[in-house]
Amino acid sequence: MPEKLQHSDSRHAQFALSAIAHSIPPDLQQGLEILLSQSADPQAAVLRLERFCDAHPAEFQQIAWTPFGLQALIAVFSSSEFLSEELLRHPGWLVSILGSGCLHRVRSTPEMEADLAAWIAQEDDSADPAALSALKLASFRRRQILRILVRDVLGFAGLPEITEELSNLADAIIAAACHAVRDELESRFGVPHLADGSACGFTVLALASSAAAS
């Protein structure tokens, strides 16, 4: 048992680690303990792992045998409560990320935009396309941030690359949001035109900080 887990309020964490250890082959148990001992928050990580194993045993087994799978789980569960909850709700996200082959390189803005378009185009029975698009934008953002976090914490990218990917993700989401707003307005009011009859593009009329505006 890692020394970081040996403190007065870690009895539940120790029990949880024991339960998790019994759910995976013996040759992975020592590696799990080492990963926990080196994590940012071993106690939080092991308690979230317990929840994950109880709720998604099949996905846990798949992740555990995937290269960097346990490292990724521990990294997320010890680094971010927000993304931990997302992963508990969507275990398939990490399975897909680990199998995508994209952990070792920067995703460009065009790649992000293509993935986002495919994500939004997925069939759904929602009667409100606008609300559906907003939800899909949010879920796409969370999934991509999960992938970027894993790249960062596992050391697959430096700060410049992580910053670039976050910027690329923001560009893709802003572009998709602008297109969605424009499509909705054009469906209601028609396509806007300039004085010469050509189609009107998108223009930012003003942009200022709150301090400057006041």
# chains A, B, ... in the order shown; residues from 1 in each chain; ligands from 1
>>> residues_around(residues="region 145-155 of chain A", least_positions_apart="4", cutoff="10 Å", atoms="only C-alpha atoms", output="PyMOL selection string")
chain A and resi 39+68+71-76+79-80+82-84+86-87+93-94+96-98+102-107+139-141+159+161-163+165-166+169
>>> write_last_selection(atoms="C-alpha atoms", output="short mmCIF file (atom, residue, chain, number, x, y, z; two decimals), in the first residue's frame")
data_model
loop_
_atom_site.label_atom_id
_atom_site.label_comp_id
_atom_site.auth_asym_id
_atom_site.auth_seq_id
_atom_site.Cartn_x
_atom_site.Cartn_y
_atom_site.Cartn_z
CA SER A 39 -0.64 10.60 -8.26
CA PHE A 68 -1.67 3.87 -20.69
CA GLN A 71 -2.33 5.81 -16.03
CA ALA A 72 -5.07 7.81 -17.73
CA LEU A 73 -7.72 6.77 -15.20
CA ILE A 74 -5.52 7.68 -12.24
CA ALA A 75 -4.51 10.95 -13.91
CA VAL A 76 -8.12 12.04 -14.40
CA SER A 79 -6.55 15.75 -11.06
CA SER A 80 -10.11 16.90 -11.82
CA PHE A 82 -15.33 17.85 -12.91
CA LEU A 83 -13.80 15.53 -15.53
CA SER A 84 -13.99 12.58 -13.12
CA GLU A 86 -17.93 13.24 -16.76
CA LEU A 87 -15.89 10.06 -17.10
CA TRP A 93 -15.06 8.52 -23.89
CA LEU A 94 -11.78 7.33 -22.42
CA SER A 96 -12.38 5.91 -27.51
CA ILE A 97 -9.62 8.39 -26.67
CA LEU A 98 -7.14 5.64 -25.79
CA CYS A 102 -4.25 10.88 -31.18
CA LEU A 103 -2.68 11.13 -27.73
CA HIS A 104 0.80 11.82 -29.06
CA ARG A 105 0.05 14.72 -31.41
CA VAL A 106 -1.70 18.08 -31.61
CA ARG A 107 -5.16 18.11 -33.21
CA SER A 139 -20.32 17.51 -24.55
CA PHE A 140 -17.78 17.74 -27.39
CA ARG A 141 -15.86 20.39 -25.44
CA LEU A 159 2.76 23.55 -22.37
CA GLU A 161 1.22 22.11 -27.43
CA ILE A 162 -1.47 22.00 -24.75
CA THR A 163 -2.08 25.74 -25.20
CA GLU A 165 -4.83 22.51 -28.70
CA LEU A 166 -7.00 24.47 -26.29
CA LEU A 169 -10.69 23.64 -29.66
#
>>> residues_around(residues="region 54-64 of chain A", least_positions_apart="3", cutoff="8 Å", atoms="only C-alpha atoms", output="number ranges by chain")
A: 24, 50-51, 67, 69-70, 88, 91-92, 94-95
>>> atom_distance(atom1="CA of Ile173 (chain A)", atom2="CA of Trp119 (chain A)")
11.7 Å
>>> atom_distance(atom1="CA of Cys178 (chain A)", atom2="CA of Ile120 (chain A)")
14.1 Å
>>> atom_distance(atom1="CA of Phe77 (chain A)", atom2="CA of Arg142 (chain A)")
14.9 Å
>>> select_by_dssp(residues="region 46-164 of chain A", states="alpha helix (DSSP H)", output="ChimeraX atom specification")
/A:46-55,57-64,69-79,81-89,91-99,109-121,129-153,159-164
>>> residues_around(residues="region 179-191 of chain A", least_positions_apart="4", cutoff="10 Å", atoms="only C-alpha atoms", output="list in words")
Ala130, Ser133, Ala134, Ile173, Ile174, Ala175, Ser198, Ala199, Cys200, Gly201 and Phe202 of chain A
>>> write_last_selection(atoms="N, CA, C and O atoms", output="PDB file, in the first residue's frame")
ATOM      1  N   ALA A 130     -31.973  23.168 -31.952  1.00  0.00           N
ATOM      2  CA  ALA A 130     -31.092  24.203 -31.410  1.00  0.00           C
ATOM      3  C   ALA A 130     -30.556  23.792 -30.039  1.00  0.00           C
ATOM      4  O   ALA A 130     -29.366  23.919 -29.753  1.00  0.00           O
ATOM      5  N   SER A 133     -28.038  20.973 -30.444  1.00  0.00           N
ATOM      6  CA  SER A 133     -26.725  21.437 -30.889  1.00  0.00           C
ATOM      7  C   SER A 133     -25.930  22.035 -29.741  1.00  0.00           C
ATOM      8  O   SER A 133     -24.720  21.813 -29.627  1.00  0.00           O
ATOM      9  N   ALA A 134     -26.590  22.803 -28.878  1.00  0.00           N
ATOM     10  CA  ALA A 134     -25.909  23.399 -27.733  1.00  0.00           C
ATOM     11  C   ALA A 134     -25.386  22.317 -26.790  1.00  0.00           C
ATOM     12  O   ALA A 134     -24.254  22.393 -26.296  1.00  0.00           O
ATOM     13  N   ILE A 173     -15.153  25.444 -31.735  1.00  0.00           N
ATOM     14  CA  ILE A 173     -16.453  25.596 -31.075  1.00  0.00           C
ATOM     15  C   ILE A 173     -17.074  26.950 -31.409  1.00  0.00           C
ATOM     16  O   ILE A 173     -18.283  27.042 -31.679  1.00  0.00           O
ATOM     17  N   ILE A 174     -16.265  28.008 -31.418  1.00  0.00           N
ATOM     18  CA  ILE A 174     -16.790  29.337 -31.764  1.00  0.00           C
ATOM     19  C   ILE A 174     -17.306  29.353 -33.198  1.00  0.00           C
ATOM     20  O   ILE A 174     -18.373  29.899 -33.481  1.00  0.00           O
ATOM     21  N   ALA A 175     -16.555  28.739 -34.114  1.00  0.00           N
ATOM     22  CA  ALA A 175     -16.988  28.690 -35.512  1.00  0.00           C
ATOM     23  C   ALA A 175     -18.303  27.938 -35.646  1.00  0.00           C
ATOM     24  O   ALA A 175     -19.221  28.380 -36.355  1.00  0.00           O
ATOM     25  N   SER A 198     -24.662  41.110 -53.047  1.00  0.00           N
ATOM     26  CA  SER A 198     -23.884  39.939 -52.635  1.00  0.00           C
ATOM     27  C   SER A 198     -24.233  39.548 -51.203  1.00  0.00           C
ATOM     28  O   SER A 198     -24.716  40.373 -50.411  1.00  0.00           O
ATOM     29  N   ALA A 199     -24.014  38.280 -50.905  1.00  0.00           N
ATOM     30  CA  ALA A 199     -24.333  37.783 -49.564  1.00  0.00           C
ATOM     31  C   ALA A 199     -23.457  38.462 -48.524  1.00  0.00           C
ATOM     32  O   ALA A 199     -22.268  38.714 -48.749  1.00  0.00           O
ATOM     33  N   CYS A 200     -24.062  38.773 -47.389  1.00  0.00           N
ATOM     34  CA  CYS A 200     -23.346  39.456 -46.311  1.00  0.00           C
ATOM     35  C   CYS A 200     -22.637  38.445 -45.438  1.00  0.00           C
ATOM     36  O   CYS A 200     -23.198  37.400 -45.084  1.00  0.00           O
ATOM     37  N   GLY A 201     -21.408  38.727 -45.085  1.00  0.00           N
ATOM     38  CA  GLY A 201     -20.649  37.855 -44.196  1.00  0.00           C
ATOM     39  C   GLY A 201     -20.916  38.173 -42.741  1.00  0.00           C
ATOM     40  O   GLY A 201     -21.878  38.864 -42.395  1.00  0.00           O
ATOM     41  N   PHE A 202     -20.031  37.691 -41.868  1.00  0.00           N
ATOM     42  CA  PHE A 202     -20.180  37.900 -40.431  1.00  0.00           C
ATOM     43  C   PHE A 202     -19.191  38.956 -39.982  1.00  0.00           C
ATOM     44  O   PHE A 202     -18.013  38.909 -40.334  1.00  0.00           O
TER      45      PHE A 202
END
>>> residues_around(residues="Glu113 (chain A)", least_positions_apart="4", cutoff="8 Å", atoms="only C-alpha atoms", output="list of chain:residue names")
A:Thr109, A:Ala117, A:Ala172, A:Ile173, A:Ala176
